[in-house]
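Chemist: One structure, as structure tokens, below. Some questions next.
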Amino acid sequence: MATTSRSSPPSPADANRTIVPVARARSVLELIGNTPLLEIGRLTAGLLRPGVRIFAKLEGFNPGGSVKDRAARKMVEVGLARGDLRPGKVILDSTSGNTGIALAMVGAALGYPVELVMASNVSRERKKIIEAFGATPIYSDPLEGSDGAIVLCRKILEEDPERYFKPDQYNNEANPLAHFETTGPEIWRQTAGAVTHFVAGIGTSGTVMGTGRYLKSRNPAVKVIAVEPDDPMHGLEGLKHMASSIVPGIYHEGELDDKIGISTEDAYEMVYGLGQIEGLLVGQSSGAAMVAALKVARSLREGYVVTVFSDFGDKYLSTNLWIGWQQWRRERLEQLVSKWNESASATT
Amino acid sequence: MAIKVRVPTPLRRFTAGVDEVTASGDSVKAIIADLERRHPGIGERLLDEKGELRRFVNVYLNGDDIRFLSQLDSKVKDGDDISIVPAIAGGR
């Protein structure tokens, strides 16, 4: 990597001028994507070797506030092109939040009604945003989690299949395709092709599958690493513990180079750290992604690790993430890293 | 004193897949200790190493979040019911 040998390397994020927001748009849908890539430099200071850098794709800059805008737009576009979605139909899906917000936004922008099935314990802000876009929430049993919402959604669809268009984010190839066509190329350009590792959380797996596929198509040596909760009982909204969940049809584990389990506590700590050290307030899935990215980056001698911060943190202020939290201190990050060192020395 | 405890999907691997179990005790803390005796492994999913309720676990006593009652010291009486609910739903 030529840039890392310079005394003051330019950020790859600055190197390409084509990634800029559109100056003027006719529809909110045109504003999806082209999100900024931020180097996480302050929080990682002193923790990485000189040739190793971590960048985060800030998906909170999408108009609906999350990475899910990309998949929602693509799934609806493909549905319209195939004639599966047409005037008179209602968009229906199961979602714990961000996809719901994205579908509600896309539906509003195109004039289609939207109904969304979600467990009733998703954050209050998400429910309100969905309603603000004019969509109708349908609540499933919180004890059954997102799988309960999937099952209830299937039942509603079976009762009146002609009424609905179900994007089915878990099984719709347009979901990873959105990332193959947008997120992947953006990261490639924003790093000037220097990305070596891509680290992203798994919810539906659309982001990690589609982006990973694109990056590998440009450079087969790029490592694609998925992030999941380390236990079925977790507090990482948006992420799925694959072994204990209904496995999405779009998820192909064989395409991953690795999968890292992150504890809820470590992810929450990272959210506090990012807020206070980087000035970046993100959600808990971004905290998990950052913990995993740091873990990967610490194992490298050289490389550009790119991760995805799926959204900003304002939708989670009423959630357990902020219950009993304390002012963050840098020692906590050092404790986390020394924990990895201990477990690494225990296994070697 | 037998109390009904509703168990969420991610914890049913400790209860042989059962979604409702019984436990004894006069406080939520005692109920969790009894749950751990009957279903080993469930306790550490609910409490951290300091014995505090993990931040992403919500426990409802007769529909009220125990964080707004007396936390783990909330008193439990015969006929009460408890629900353990993960703070989030998973998936996106």
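Letters A, B, ... go to the chains of the structure tokens in the order shown; residues in each chain start at 1; ligands are counted from 1 in the same order.
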I need the chain A residues near chain B as an MDAnalysis selection string; criterion: at most 7 Å, counting only C-alpha atoms.
Modeler: chainID A and resid 95:99 119 121:122 142:146 203:204 232:240 320 323
Chemist: So that I can check the secondary structure, give me every residue of stretch 31-278 of chain A assigned helix (DSSP H, G or I) by backbone DSSP, as a PyMOL selection string.
Modeler: chain A and resi 31+59-61+68-82+98-110+124-132+142-159+161-163+174-190+206-218+242-244+253-255+264-278
Chemist: Report as JSON lines the residues of stretch 33-129 of chain A within 10 Å of stretch 298-313 of chain A, each with its shortest atom pair and distance in Å (one decimal), using only C-alpha atoms, ordered by chain and increasing residue number.
Modeler:
```
{"residue": "A:Leu37", "atom": "CA", "partner": "A:Val306", "partner_atom": "CA", "distance": 8.7}
{"residue": "A:Leu38", "atom": "CA", "partner": "A:Val306", "partner_atom": "CA", "distance": 9.5}
{"residue": "A:Glu39", "atom": "CA", "partner": "A:Val306", "partner_atom": "CA", "distance": 9.0}
{"residue": "A:Ile40", "atom": "CA", "partner": "A:Val306", "partner_atom": "CA", "distance": 9.9}
{"residue": "A:Thr44", "atom": "CA", "partner": "A:Arg298", "partner_atom": "CA", "distance": 9.7}
{"residue": "A:Leu47", "atom": "CA", "partner": "A:Arg298", "partner_atom": "CA", "distance": 7.1}
{"residue": "A:Leu48", "atom": "CA", "partner": "A:Arg298", "partner_atom": "CA", "distance": 5.7}
{"residue": "A:Arg49", "atom": "CA", "partner": "A:Arg301", "partner_atom": "CA", "distance": 6.1}
{"residue": "A:Pro50", "atom": "CA", "partner": "A:Glu302", "partner_atom": "CA", "distance": 7.6}
{"residue": "A:Gly51", "atom": "CA", "partner": "A:Glu302", "partner_atom": "CA", "distance": 4.5}
{"residue": "A:Val52", "atom": "CA", "partner": "A:Glu302", "partner_atom": "CA", "distance": 4.8}
{"residue": "A:Arg53", "atom": "CA", "partner": "A:Tyr304", "partner_atom": "CA", "distance": 5.1}
{"residue": "A:Ile54", "atom": "CA", "partner": "A:Val305", "partner_atom": "CA", "distance": 4.8}
{"residue": "A:Phe55", "atom": "CA", "partner": "A:Val306", "partner_atom": "CA", "distance": 4.8}
{"residue": "A:Ala56", "atom": "CA", "partner": "A:Thr307", "partner_atom": "CA", "distance": 4.8}
{"residue": "A:Lys57", "atom": "CA", "partner": "A:Val308", "partner_atom": "CA", "distance": 4.7}
{"residue": "A:Leu58", "atom": "CA", "partner": "A:Phe309", "partner_atom": "CA", "distance": 5.3}
{"residue": "A:Glu59", "atom": "CA", "partner": "A:Ser310", "partner_atom": "CA", "distance": 5.1}
{"residue": "A:Gly60", "atom": "CA", "partner": "A:Asp311", "partner_atom": "CA", "distance": 4.0}
{"residue": "A:Phe61", "atom": "CA", "partner": "A:Asp311", "partner_atom": "CA", "distance": 7.8}
{"residue": "A:Asn62", "atom": "CA", "partner": "A:Asp311", "partner_atom": "CA", "distance": 8.6}
{"residue": "A:Gly64", "atom": "CA", "partner": "A:Asp311", "partner_atom": "CA", "distance": 9.5}
{"residue": "A:Gly65", "atom": "CA", "partner": "A:Asp311", "partner_atom": "CA", "distance": 6.0}
{"residue": "A:Ser66", "atom": "CA", "partner": "A:Asp311", "partner_atom": "CA", "distance": 4.5}
{"residue": "A:Val67", "atom": "CA", "partner": "A:Ser310", "partner_atom": "CA", "distance": 5.1}
{"residue": "A:Lys68", "atom": "CA", "partner": "A:Ser310", "partner_atom": "CA", "distance": 7.9}
{"residue": "A:Asn98", "atom": "CA", "partner": "A:Asp311", "partner_atom": "CA", "distance": 8.6}
```
Chemist: Check the smallest atom-to-atom distance from each of A:Val291, A:Ala243, A:Cys153, A:Ala109 to A:Pro167 using only C-alpha atoms, then report the winner.
Modeler: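 Residue with the minimum atom-to-atom distance to A:Pro167: A:Cys153.
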Chemist: With only C-alpha atoms as the basis for distance, which of A:Glu255, A:Leu110, A:Pro248, A:Tyr170 is at the shortest distance from A:Pro87?
Modeler: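 For A:Pro87, the nearest of the candidates is A:Leu110.
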Chemist: Which residues, written as a list in words, have at least one atom at most 9 Å from stretch 213-223 of chain A, with only C-alpha atoms counted and residues fewer than 3 positions away on the same chain left out?
Modeler: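 The contact residues come out as Pro176, His179, Phe180, Glu181, Thr183, Gly184, Pro185, Ile187, Trp188, Gly193, Val195, Thr196, His197, Phe198, Val199, Val208, Met209, Gly210, Glu255, Leu256, Asp257 and Asp258 of chain A.
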Chemist: Taking N, CA and C atoms for each residue, export the selection above as a PDB file, in the first residue's frame.
Modeler:
```
ATOM      1  N   PRO A 176     -29.164  -8.545  -1.011  1.00  0.00           N
ATOM      2  CA  PRO A 176     -27.713  -8.478  -1.223  1.00  0.00           C
ATOM      3  C   PRO A 176     -27.318  -7.772  -2.519  1.00  0.00           C
ATOM      4  N   HIS A 179     -26.455  -4.188  -2.193  1.00  0.00           N
ATOM      5  CA  HIS A 179     -25.110  -3.933  -1.668  1.00  0.00           C
ATOM      6  C   HIS A 179     -24.028  -4.264  -2.694  1.00  0.00           C
ATOM      7  N   PHE A 180     -24.313  -5.245  -3.532  1.00  0.00           N
ATOM      8  CA  PHE A 180     -23.379  -5.576  -4.613  1.00  0.00           C
ATOM      9  C   PHE A 180     -23.276  -4.382  -5.571  1.00  0.00           C
ATOM     10  N   GLU A 181     -24.406  -3.729  -5.776  1.00  0.00           N
ATOM     11  CA  GLU A 181     -24.433  -2.631  -6.754  1.00  0.00           C
ATOM     12  C   GLU A 181     -24.040  -1.277  -6.171  1.00  0.00           C
ATOM     13  N   THR A 183     -23.115  -0.469  -2.092  1.00  0.00           N
ATOM     14  CA  THR A 183     -22.187  -0.413  -0.954  1.00  0.00           C
ATOM     15  C   THR A 183     -20.793  -0.896  -1.346  1.00  0.00           C
ATOM     16  N   GLY A 184     -20.742  -2.016  -2.053  1.00  0.00           N
ATOM     17  CA  GLY A 184     -19.452  -2.580  -2.449  1.00  0.00           C
ATOM     18  C   GLY A 184     -18.654  -1.622  -3.325  1.00  0.00           C
ATOM     19  N   PRO A 185     -19.235  -1.152  -4.462  1.00  0.00           N
ATOM     20  CA  PRO A 185     -18.499  -0.212  -5.305  1.00  0.00           C
ATOM     21  C   PRO A 185     -18.103   1.070  -4.568  1.00  0.00           C
ATOM     22  N   ILE A 187     -17.330   1.425  -1.387  1.00  0.00           N
ATOM     23  CA  ILE A 187     -16.180   1.130  -0.520  1.00  0.00           C
ATOM     24  C   ILE A 187     -14.916   0.958  -1.367  1.00  0.00           C
ATOM     25  N   TRP A 188     -15.082   0.293  -2.491  1.00  0.00           N
ATOM     26  CA  TRP A 188     -13.931   0.092  -3.380  1.00  0.00           C
ATOM     27  C   TRP A 188     -13.356   1.440  -3.803  1.00  0.00           C
ATOM     28  N   GLY A 193      -9.443   1.066  -3.751  1.00  0.00           N
ATOM     29  CA  GLY A 193      -9.119  -0.348  -3.957  1.00  0.00           C
ATOM     30  C   GLY A 193      -8.204  -0.945  -2.904  1.00  0.00           C
ATOM     31  N   VAL A 195      -8.958  -1.643   0.273  1.00  0.00           N
ATOM     32  CA  VAL A 195      -9.610  -2.433   1.332  1.00  0.00           C
ATOM     33  C   VAL A 195      -9.066  -3.862   1.339  1.00  0.00           C
ATOM     34  N   THR A 196      -8.750  -4.342   2.534  1.00  0.00           N
ATOM     35  CA  THR A 196      -8.257  -5.725   2.651  1.00  0.00           C
ATOM     36  C   THR A 196      -9.214  -6.606   3.441  1.00  0.00           C
ATOM     37  N   HIS A 197      -9.996  -5.972   4.340  1.00  0.00           N
ATOM     38  CA  HIS A 197     -10.918  -6.732   5.182  1.00  0.00           C
ATOM     39  C   HIS A 197     -12.244  -5.986   5.247  1.00  0.00           C
ATOM     40  N   PHE A 198     -13.326  -6.740   5.100  1.00  0.00           N
ATOM     41  CA  PHE A 198     -14.653  -6.151   5.246  1.00  0.00           C
ATOM     42  C   PHE A 198     -15.356  -6.859   6.403  1.00  0.00           C
ATOM     43  N   VAL A 199     -15.783  -6.072   7.371  1.00  0.00           N
ATOM     44  CA  VAL A 199     -16.370  -6.623   8.595  1.00  0.00           C
ATOM     45  C   VAL A 199     -17.767  -6.041   8.756  1.00  0.00           C
ATOM     46  N   VAL A 208     -23.466  -8.013   4.390  1.00  0.00           N
ATOM     47  CA  VAL A 208     -22.182  -8.733   4.346  1.00  0.00           C
ATOM     48  C   VAL A 208     -22.089  -9.595   3.089  1.00  0.00           C
ATOM     49  N   MET A 209     -23.214 -10.173   2.678  1.00  0.00           N
ATOM     50  CA  MET A 209     -23.190 -11.036   1.485  1.00  0.00           C
ATOM     51  C   MET A 209     -22.928 -10.217   0.215  1.00  0.00           C
ATOM     52  N   GLY A 210     -23.748  -9.192  -0.013  1.00  0.00           N
ATOM     53  CA  GLY A 210     -23.662  -8.439  -1.265  1.00  0.00           C
ATOM     54  C   GLY A 210     -22.380  -7.630  -1.375  1.00  0.00           C
ATOM     55  N   GLU A 255     -19.435 -18.343   1.869  1.00  0.00           N
ATOM     56  CA  GLU A 255     -18.793 -17.184   1.235  1.00  0.00           C
ATOM     57  C   GLU A 255     -18.036 -16.323   2.238  1.00  0.00           C
ATOM     58  N   LEU A 256     -18.185 -16.631   3.514  1.00  0.00           N
ATOM     59  CA  LEU A 256     -17.501 -15.841   4.543  1.00  0.00           C
ATOM     60  C   LEU A 256     -16.137 -16.444   4.830  1.00  0.00           C
ATOM     61  N   ASP A 257     -15.198 -15.568   5.175  1.00  0.00           N
ATOM     62  CA  ASP A 257     -13.893 -16.061   5.596  1.00  0.00           C
ATOM     63  C   ASP A 257     -13.872 -16.337   7.086  1.00  0.00           C
ATOM     64  N   ASP A 258     -14.727 -15.639   7.811  1.00  0.00           N
ATOM     65  CA  ASP A 258     -14.748 -15.833   9.259  1.00  0.00           C
ATOM     66  C   ASP A 258     -16.045 -15.238   9.813  1.00  0.00           C
TER      67      ASP A 258
END
```
Chemist: Excluding B:Lys4 and any residue of its chain fewer than 5 positions from it, enumerate the residues within 10 Å of it, using only C-alpha atoms, and give them as a ChimeraX atom specification.
Modeler: /B:20-24,31,78-83
Chemist: Could you write those residues out with C-alpha atoms, as a PDB file, in the first residue's frame?
Modeler:
```
ATOM      1  CA  GLU B  20     -43.329 -21.471  30.804  1.00  0.00           C
ATOM      2  CA  VAL B  21     -41.758 -22.956  33.917  1.00  0.00           C
ATOM      3  CA  THR B  22     -42.326 -22.665  37.655  1.00  0.00           C
ATOM      4  CA  ALA B  23     -39.888 -21.485  40.302  1.00  0.00           C
ATOM      5  CA  SER B  24     -40.001 -20.754  44.024  1.00  0.00           C
ATOM      6  CA  ILE B  31     -36.696 -16.868  41.772  1.00  0.00           C
ATOM      7  CA  ASP B  78     -48.073 -16.684  45.321  1.00  0.00           C
ATOM      8  CA  GLY B  79     -49.953 -16.318  42.055  1.00  0.00           C
ATOM      9  CA  ASP B  80     -47.623 -13.684  40.616  1.00  0.00           C
ATOM     10  CA  ASP B  81     -46.238 -14.167  37.175  1.00  0.00           C
ATOM     11  CA  ILE B  82     -42.875 -13.214  35.776  1.00  0.00           C
ATOM     12  CA  SER B  83     -41.822 -12.696  32.166  1.00  0.00           C
TER      13      SER B  83
END
```
Chemist: For A:Ala267, find every residue with an atom within 6 Å (counting only C-alpha atoms), except residues of its own chain fewer than 2 positions away, and show them as number ranges by chain.
Modeler: A: 264-265, 269-270, 287-288
Chemist: For the selection just defined, write its residues with N, CA and C atoms to a file, as a PDB file, in the first residue's frame.
Modeler:
```pdb
ATOM      1  N   THR A 264     -22.725  -8.577  24.105  1.00  0.00           N
ATOM      2  CA  THR A 264     -23.522  -7.352  24.176  1.00  0.00           C
ATOM      3  C   THR A 264     -22.807  -6.294  25.005  1.00  0.00           C
ATOM      4  N   GLU A 265     -22.223  -6.702  26.122  1.00  0.00           N
ATOM      5  CA  GLU A 265     -21.562  -5.728  26.998  1.00  0.00           C
ATOM      6  C   GLU A 265     -20.416  -5.014  26.273  1.00  0.00           C
ATOM      7  N   GLU A 269     -20.159  -0.985  25.394  1.00  0.00           N
ATOM      8  CA  GLU A 269     -18.991  -0.189  25.797  1.00  0.00           C
ATOM      9  C   GLU A 269     -18.443   0.586  24.605  1.00  0.00           C
ATOM     10  N   MET A 270     -18.396  -0.075  23.470  1.00  0.00           N
ATOM     11  CA  MET A 270     -17.847   0.559  22.270  1.00  0.00           C
ATOM     12  C   MET A 270     -18.729   1.715  21.804  1.00  0.00           C
ATOM     13  N   GLY A 287     -21.668  -0.671  17.422  1.00  0.00           N
ATOM     14  CA  GLY A 287     -20.696  -0.947  18.486  1.00  0.00           C
ATOM     15  C   GLY A 287     -20.112  -2.338  18.322  1.00  0.00           C
ATOM     16  N   ALA A 288     -20.963  -3.313  18.019  1.00  0.00           N
ATOM     17  CA  ALA A 288     -20.492  -4.687  17.807  1.00  0.00           C
ATOM     18  C   ALA A 288     -19.572  -4.758  16.595  1.00  0.00           C
TER      19      ALA A 288
END
```
